[in-house]
Amino acid sequence: MAEAENLGAKLEGMADPFRSIVQQADDYAIFLLDRGGHISSWNRGAQRIKGYEANEILGRHFSTFYPKEAVERRWPEHELEVAARTGRFEDEGWRVRKDGTLFWANVVITALRDEAGEVRGFGKITRDLTERRRNEEMLRESEARFRLLIESVKDYAIFMLDTQGRVASWNAGAERIKGYRADEIIGEHFRIFYNPPARERHWPEEELRRARDEGRYEEEGVRIRKDGTAFWANVVITPVRDHAGVLRGYAKVTRDLSDRKRIESLESSERQMQEFLAVLAHELRNPLAPISNALNLLSRKPTADPAEIWVRDVLQRQTGQLSRLVDDLLDVSRITRSALVLDRKAIDLRALLRQAADASMQWFEQRHHALSVRVPDERLVVEGDEVRILQVVQNLLHNAAKYTAEGGRVELEARRDGADALVRVADNGIGMTAETLATAFELFKQAHQGLDRSQGGLGVGLTLVQRLVKMHGGSVEAKSEGPDRGSEFIIRLPLKPEQPIVRPVREGKGAAEPAGGPRRRILVVDDNHDAAQALKLLLESDGHEVRVAADGASGLALARQYKPDVALLDIGLPSMDGYELARHMREDHALDGTLLVAVTGYGQMHDRARASASGFNHHLVKPVEFSALQRLLQETA
């Protein structure tokens, strides 16, 4: 205690300015210890930081400020020993306030010596670094979390480059995307990820230059994996600078966009395919229209010449076959794009099957097939689109006729099977192998026909059958006992609980042609001369007055002069297309009473919507069955 009092007296004897500075210092605990470590002075900062008043702490050993664990291992004494031996001791660690709370302190202990060099005591300065340590800990934790996050990300390759472009860090995503382990790639130049042409023109270095000069660089392009395969990547490079603005390296983030690129490519291919199919249908239907109309004209003139009759029959069959192929192809396209909508109603399958058989007789008569049709006495009512179900049955009948030799046998049967209606089409034709059965409903797959492809077809008929049946909630199955042992197709459709009386289908090639109706003034605008003339002759044979124009501009002029009751307009016209022609006609009030009918090879849903928006009243797809046009003229008279 005497030594502490002497040190206190020495402090009192300090020059007033220095004593005042020490006493008033608020941010630092500054106090004296005697040689034994007892406290002999206490300033304002010590009181604030440690919590003790001077009269509470003077004379006590400075180990009071240390945690129990530090006291037990005699750390306070160790600090004084080091300070006495070396003249100074500095440390950071936990200290204890009067209220028992801990704070993180920076401690400096300086040995005080007399003239003879003997240690008389120690000066001790303590700073409270709790807030700084807390911030440092938070920063370390944040960096650790960020590092863990980066290293754990697998969908992005995230890594650092040094200023020369060498890989300095590597995360799990980089390993997954690029294929290299960290120990294989760190230290390598990042040009390894580029293909030879890019390396030869120094593109990796150019990317770093742009990132450095512009603050950021982003691009999409081909990159190379460890195994040599290429992938499509999105790359972002950002320069990393220190607080002084000095470049320290680059951060690089790479995304593998191969799947997205593949999807975009498929979508583009799909759009191109749909555009191609639309154009194909239009170009095929355009020549079919005059052929079909010319055949209608020929059929009105009786003849006894067997050769002429044979020619007519061949043309009618092949024209119908070509029309059916175009329609099947477009229907499959619509189904794959979910663009086909069913017009559902209650249907009695018995009447529909009889109609399908009647419409298909031409195929069986041509090859002398025996067709048997068996339907039950009870109604088989399903909910569906009668046109599409008729299409399904006709496709199966046509398939049976195509693959059954001349003089063969085909059976069409319908019956109830539990809660389903079962429709069966069987033949004794060429049959199917196990391989053919496995792929029977795949698009563009056909039974083997030989190099001459004598049966024709695109291989879409059964695909269309399966997908239409599925749209009706049913199923279709193909069976065969092997080559030359015939084939069997079984359709199941869910029956409706109630079976109201329904109207059978009355449309299709087997329907009787109605009369042409009252005489009308008709304008035909078509740049296909054959199609226009054939349609003109057919309409005139029904008693109508007909005028013809070959392009949109002359068609508009003729319409204003002629003022037709009905205008049959092609869409793909030169100088002014059919949509524009229709709009101009709708703007002319003198033509308000004219019925506008689009007659075109474009028959998809959006084509019909566009025609309606342009002012058309009706939309007919080439080749138009003349009977359908006759009904339209009669119904609109």
# chains A, B, ... in the order shown; residues from 1 in each chain; ligands from 1

$ select_by_dssp --residues "segment 137-235 of chain A" --states "helix (DSSP H, G or I)" --output "MDAnalysis selection string"
chainID A and resid 137:152 172:178 182:185 190:193 196:200 203:214

$ select_by_dssp --residues "segment 184-286 of chain A" --states "strand (DSSP E)" --output "short mmCIF file (atom, residue, chain, number, x, y, z; two decimals) with C-alpha atoms, in the first residue's frame"
data_model
loop_
_atom_site.label_atom_id
_atom_site.label_comp_id
_atom_site.auth_asym_id
_atom_site.auth_seq_id
_atom_site.Cartn_x
_atom_site.Cartn_y
_atom_site.Cartn_z
CA TYR A 217 -18.63 -7.33 -68.98
CA GLU A 218 -21.44 -9.75 -69.95
CA GLU A 219 -21.96 -12.00 -72.96
CA GLU A 220 -23.41 -15.31 -74.11
CA GLY A 221 -21.37 -17.79 -76.09
CA VAL A 222 -19.79 -21.22 -76.38
CA ARG A 223 -17.54 -22.47 -73.56
CA ILE A 224 -15.64 -25.76 -73.22
CA ALA A 230 -19.17 -27.40 -75.65
CA PHE A 231 -22.02 -25.68 -73.81
CA TRP A 232 -23.82 -22.37 -74.21
CA ALA A 233 -22.95 -20.02 -71.35
CA ASN A 234 -23.94 -16.66 -69.93
CA VAL A 235 -20.82 -15.00 -68.51
CA VAL A 236 -20.50 -11.95 -66.24
CA ILE A 237 -17.03 -10.60 -65.30
CA THR A 238 -16.66 -7.85 -62.67
CA PRO A 239 -13.36 -6.22 -61.65
CA VAL A 240 -12.51 -6.33 -57.92
CA ARG A 241 -10.68 -3.28 -56.53
CA LEU A 247 -7.29 -3.72 -59.30
CA ARG A 248 -6.98 -6.93 -57.27
CA GLY A 249 -8.61 -9.39 -59.69
CA TYR A 250 -11.94 -10.33 -61.24
CA ALA A 251 -15.12 -12.07 -60.10
CA LYS A 252 -16.57 -14.37 -62.77
CA VAL A 253 -20.06 -15.89 -62.79
CA THR A 254 -21.02 -18.43 -65.46
CA ARG A 255 -24.46 -19.98 -66.09
CA ASP A 256 -25.01 -23.05 -68.24
#

$ closest_residue --among "A:Ile347, A:Ala174, A:Ala405, A:Val71" --to "Trp94 of chain A" --atoms "only C-alpha atoms"
A:Val71

$ closest_residue --among "A:Leu129, A:Val393, A:Glu481, A:Tyr52" --to "Gly100 of chain A" --atoms "only C-alpha atoms"
A:Tyr52

$ closest_atom_pairs --of "segment 183-298 of chain A" --to "segment 532-545 of chain A" --cutoff "12 Å" --atoms "only C-alpha atoms" --output "CSV"
residue,atom,partner,partner_atom,distance
A:Asn286,CA,A:Ala532,CA,10.7
A:Pro287,CA,A:Ala532,CA,11.1
A:Leu288,CA,A:Ala534,CA,11.4
A:Ala289,CA,A:Leu535,CA,8.6
A:Pro290,CA,A:Ala534,CA,5.8
A:Ile291,CA,A:Ala534,CA,8.2
A:Ser292,CA,A:Ala534,CA,8.7
A:Asn293,CA,A:Ala534,CA,5.5
A:Ala294,CA,A:Ala534,CA,5.6
A:Leu295,CA,A:Ala534,CA,9.1
A:Asn296,CA,A:Leu538,CA,7.5
A:Leu297,CA,A:Leu538,CA,6.2
A:Leu298,CA,A:Leu538,CA,10.0

$ closest_residue --among "A:Gly418, A:Gly37, A:Gly228, A:Gly429" --to "Leu58 of chain A" --atoms "only C-alpha atoms"
A:Gly37

$ residues_around --residues "Arg416 of chain A" --least-positions-apart "5" --cutoff "9 Å" --atoms "only C-alpha atoms" --output "PyMOL selection string"
chain A and resi 376+378+380+421-423+495

$ atom_distance --atom1 "atom CA of Ile389 of chain A" --atom2 "atom CA of Asp313 of chain A"
27.0 Å

$ atom_distance --atom1 "atom CA of Ala116 of chain A" --atom2 "atom CA of Gly59 of chain A"
25.6 Å

$ residues_around --residues "Thr86 of chain A" --least-positions-apart "2" --cutoff "12 Å" --atoms "only C-alpha atoms" --output "MDAnalysis selection string"
chainID A and resid 79:84 88:90 109:112 119

$ write_last_selection --atoms "all heavy atoms" --output "JSON list (two decimals), in the first residue's frame"
[["chain", "number", "residue", "atom", "x", "y", "z"],
["A", 79, "GLU", "N", 1.54, -11.07, -17.10],
["A", 79, "GLU", "CA", 1.63, -9.80, -17.82],
["A", 79, "GLU", "C", 2.67, -8.88, -17.16],
["A", 79, "GLU", "O", 3.49, -8.25, -17.86],
["A", 79, "GLU", "CB", 0.26, -9.12, -17.85],
["A", 79, "GLU", "CG", -0.78, -9.83, -18.71],
["A", 79, "GLU", "CD", -2.12, -9.11, -18.73],
["A", 79, "GLU", "OE1", -2.33, -8.19, -17.91],
["A", 79, "GLU", "OE2", -2.96, -9.47, -19.57],
["A", 80, "LEU", "N", 2.64, -8.79, -15.83],
["A", 80, "LEU", "CA", 3.59, -7.93, -15.12],
["A", 80, "LEU", "C", 5.02, -8.44, -15.28],
["A", 80, "LEU", "O", 5.97, -7.65, -15.42],
["A", 80, "LEU", "CB", 3.23, -7.83, -13.64],
["A", 80, "LEU", "CG", 1.88, -7.17, -13.32],
["A", 80, "LEU", "CD1", 1.70, -7.06, -11.81],
["A", 80, "LEU", "CD2", 1.76, -5.80, -13.97],
["A", 81, "GLU", "N", 5.20, -9.74, -15.25],
["A", 81, "GLU", "CA", 6.55, -10.31, -15.40],
["A", 81, "GLU", "C", 7.12, -9.95, -16.77],
["A", 81, "GLU", "O", 8.30, -9.57, -16.89],
["A", 81, "GLU", "CB", 6.49, -11.82, -15.25],
["A", 81, "GLU", "CG", 6.23, -12.29, -13.83],
["A", 81, "GLU", "CD", 5.97, -13.78, -13.75],
["A", 81, "GLU", "OE1", 6.09, -14.47, -14.82],
["A", 81, "GLU", "OE2", 5.62, -14.28, -12.66],
["A", 82, "VAL", "N", 6.29, -10.07, -17.81],
["A", 82, "VAL", "CA", 6.77, -9.74, -19.16],
["A", 82, "VAL", "C", 7.08, -8.26, -19.26],
["A", 82, "VAL", "O", 8.12, -7.86, -19.81],
["A", 82, "VAL", "CB", 5.72, -10.16, -20.22],
["A", 82, "VAL", "CG1", 6.14, -9.65, -21.61],
["A", 82, "VAL", "CG2", 5.55, -11.67, -20.24],
["A", 83, "ALA", "N", 6.20, -7.41, -18.68],
["A", 83, "ALA", "CA", 6.43, -5.97, -18.74],
["A", 83, "ALA", "C", 7.71, -5.60, -17.99],
["A", 83, "ALA", "O", 8.49, -4.76, -18.46],
["A", 83, "ALA", "CB", 5.22, -5.24, -18.15],
["A", 84, "ALA", "N", 7.95, -6.21, -16.83],
["A", 84, "ALA", "CA", 9.16, -5.92, -16.06],
["A", 84, "ALA", "C", 10.40, -6.37, -16.80],
["A", 84, "ALA", "O", 11.44, -5.72, -16.76],
["A", 84, "ALA", "CB", 9.06, -6.60, -14.69],
["A", 88, "ARG", "N", 7.64, -3.69, -21.65],
["A", 88, "ARG", "CA", 6.28, -3.42, -22.18],
["A", 88, "ARG", "C", 5.56, -4.74, -22.45],
["A", 88, "ARG", "O", 6.17, -5.73, -22.84],
["A", 88, "ARG", "CB", 6.39, -2.63, -23.48],
["A", 88, "ARG", "CG", 5.07, -2.17, -24.08],
["A", 88, "ARG", "CD", 5.35, -1.34, -25.32],
["A", 88, "ARG", "NE", 4.13, -0.77, -25.88],
["A", 88, "ARG", "CZ", 3.30, -1.41, -26.71],
["A", 88, "ARG", "NH1", 3.59, -2.65, -27.07],
["A", 88, "ARG", "NH2", 2.23, -0.80, -27.16],
["A", 89, "PHE", "N", 4.25, -4.72, -22.21],
["A", 89, "PHE", "CA", 3.42, -5.89, -22.51],
["A", 89, "PHE", "C", 2.11, -5.38, -23.17],
["A", 89, "PHE", "O", 1.51, -4.42, -22.68],
["A", 89, "PHE", "CB", 3.09, -6.70, -21.26],
["A", 89, "PHE", "CG", 2.12, -7.82, -21.52],
["A", 89, "PHE", "CD1", 2.58, -9.05, -22.01],
["A", 89, "PHE", "CD2", 0.75, -7.66, -21.32],
["A", 89, "PHE", "CE1", 1.69, -10.08, -22.26],
["A", 89, "PHE", "CE2", -0.13, -8.69, -21.57],
["A", 89, "PHE", "CZ", 0.34, -9.91, -22.05],
["A", 90, "GLU", "N", 1.72, -6.03, -24.29],
["A", 90, "GLU", "CA", 0.44, -5.65, -24.94],
["A", 90, "GLU", "C", -0.34, -6.92, -25.24],
["A", 90, "GLU", "O", 0.23, -7.94, -25.66],
["A", 90, "GLU", "CB", 0.68, -4.86, -26.21],
["A", 90, "GLU", "CG", -0.63, -4.40, -26.86],
["A", 90, "GLU", "CD", -0.43, -3.44, -28.02],
["A", 90, "GLU", "OE1", 0.74, -3.11, -28.35],
["A", 90, "GLU", "OE2", -1.45, -3.00, -28.60],
["A", 109, "ILE", "N", 0.76, -2.47, -20.84],
["A", 109, "ILE", "CA", 1.38, -2.29, -19.52],
["A", 109, "ILE", "C", 2.84, -1.88, -19.74],
["A", 109, "ILE", "O", 3.58, -2.56, -20.45],
["A", 109, "ILE", "CB", 1.31, -3.57, -18.67],
["A", 109, "ILE", "CG1", -0.17, -4.01, -18.50],
["A", 109, "ILE", "CG2", 1.98, -3.38, -17.32],
["A", 109, "ILE", "CD1", -0.31, -5.32, -17.76],
["A", 110, "THR", "N", 3.21, -0.76, -19.11],
["A", 110, "THR", "CA", 4.59, -0.25, -19.27],
["A", 110, "THR", "C", 5.28, -0.23, -17.89],
["A", 110, "THR", "O", 4.70, 0.24, -16.91],
["A", 110, "THR", "CB", 4.57, 1.17, -19.84],
["A", 110, "THR", "OG1", 3.84, 1.15, -21.07],
["A", 110, "THR", "CG2", 5.99, 1.67, -20.12],
["A", 111, "ALA", "N", 6.48, -0.77, -17.86],
["A", 111, "ALA", "CA", 7.25, -0.77, -16.59],
["A", 111, "ALA", "C", 7.76, 0.64, -16.29],
["A", 111, "ALA", "O", 8.27, 1.32, -17.18],
["A", 111, "ALA", "CB", 8.40, -1.75, -16.67],
["A", 112, "LEU", "N", 7.62, 1.11, -15.01],
["A", 112, "LEU", "CA", 8.11, 2.42, -14.58],
["A", 112, "LEU", "C", 9.35, 2.19, -13.71],
["A", 112, "LEU", "O", 9.29, 1.47, -12.71],
["A", 112, "LEU", "CB", 7.02, 3.14, -13.79],
["A", 112, "LEU", "CG", 5.68, 3.37, -14.53],
["A", 112, "LEU", "CD1", 4.67, 4.02, -13.60],
["A", 112, "LEU", "CD2", 5.89, 4.22, -15.76],
["A", 119, "VAL", "N", 12.47, -1.34, -11.19],
["A", 119, "VAL", "CA", 11.03, -1.23, -11.44],
["A", 119, "VAL", "C", 10.35, -0.77, -10.17],
["A", 119, "VAL", "O", 10.45, -1.42, -9.13],
["A", 119, "VAL", "CB", 10.43, -2.56, -11.92],
["A", 119, "VAL", "CG1", 8.93, -2.46, -12.04],
["A", 119, "VAL", "CG2", 11.06, -3.00, -13.24]]

$ residues_around --residues "Arg344 of chain A" --least-positions-apart "6" --cutoff "6 Å" --atoms "only C-alpha atoms" --output "number ranges by chain"
A: 383-385

$ residues_around --residues "Arg120 of chain A" --least-positions-apart "5" --cutoff "8 Å" --atoms "only C-alpha atoms" --output "PDB file with N, CA and C atoms, in the first residue's frame"
ATOM      1  N   GLU A   3       3.766   1.609  -1.431  1.00  0.00           N
ATOM      2  CA  GLU A   3       4.236   1.858  -2.793  1.00  0.00           C
ATOM      3  C   GLU A   3       3.143   2.487  -3.631  1.00  0.00           C
ATOM      4  N   ASP A  34       1.351  -0.620  -8.499  1.00  0.00           N
ATOM      5  CA  ASP A  34       2.656  -0.751  -7.822  1.00  0.00           C
ATOM      6  C   ASP A  34       3.327  -2.028  -8.301  1.00  0.00           C
ATOM      7  N   ARG A  35       4.501  -2.338  -7.759  1.00  0.00           N
ATOM      8  CA  ARG A  35       5.229  -3.497  -8.237  1.00  0.00           C
ATOM      9  C   ARG A  35       4.456  -4.792  -8.031  1.00  0.00           C
ATOM     10  N   ALA A 111       6.479  -0.766 -17.859  1.00  0.00           N
ATOM     11  CA  ALA A 111       7.246  -0.765 -16.587  1.00  0.00           C
ATOM     12  C   ALA A 111       7.759   0.644 -16.291  1.00  0.00           C
ATOM     13  N   LEU A 112       7.620   1.107 -15.014  1.00  0.00           N
ATOM     14  CA  LEU A 112       8.107   2.420 -14.578  1.00  0.00           C
ATOM     15  C   LEU A 112       9.352   2.193 -13.715  1.00  0.00           C
ATOM     16  N   ARG A 113      10.476   2.795 -14.098  1.00  0.00           N
ATOM     17  CA  ARG A 113      11.729   2.541 -13.400  1.00  0.00           C
ATOM     18  C   ARG A 113      12.253   3.850 -12.778  1.00  0.00           C
ATOM     19  N   ASP A 114      13.062   3.691 -11.702  1.00  0.00           N
ATOM     20  CA  ASP A 114      13.693   4.865 -11.079  1.00  0.00           C
ATOM     21  C   ASP A 114      15.019   5.159 -11.755  1.00  0.00           C
TER      22      ASP A 114
END

$ closest_residue --among "A:Glu214, A:Asp343, A:Glu207, A:Glu118" --to "Val387 of chain A" --atoms "only C-alpha atoms"
A:Asp343

$ atom_distance --atom1 "atom CA of Tyr562 of chain A" --atom2 "atom CA of Arg300 of chain A"
28.7 Å
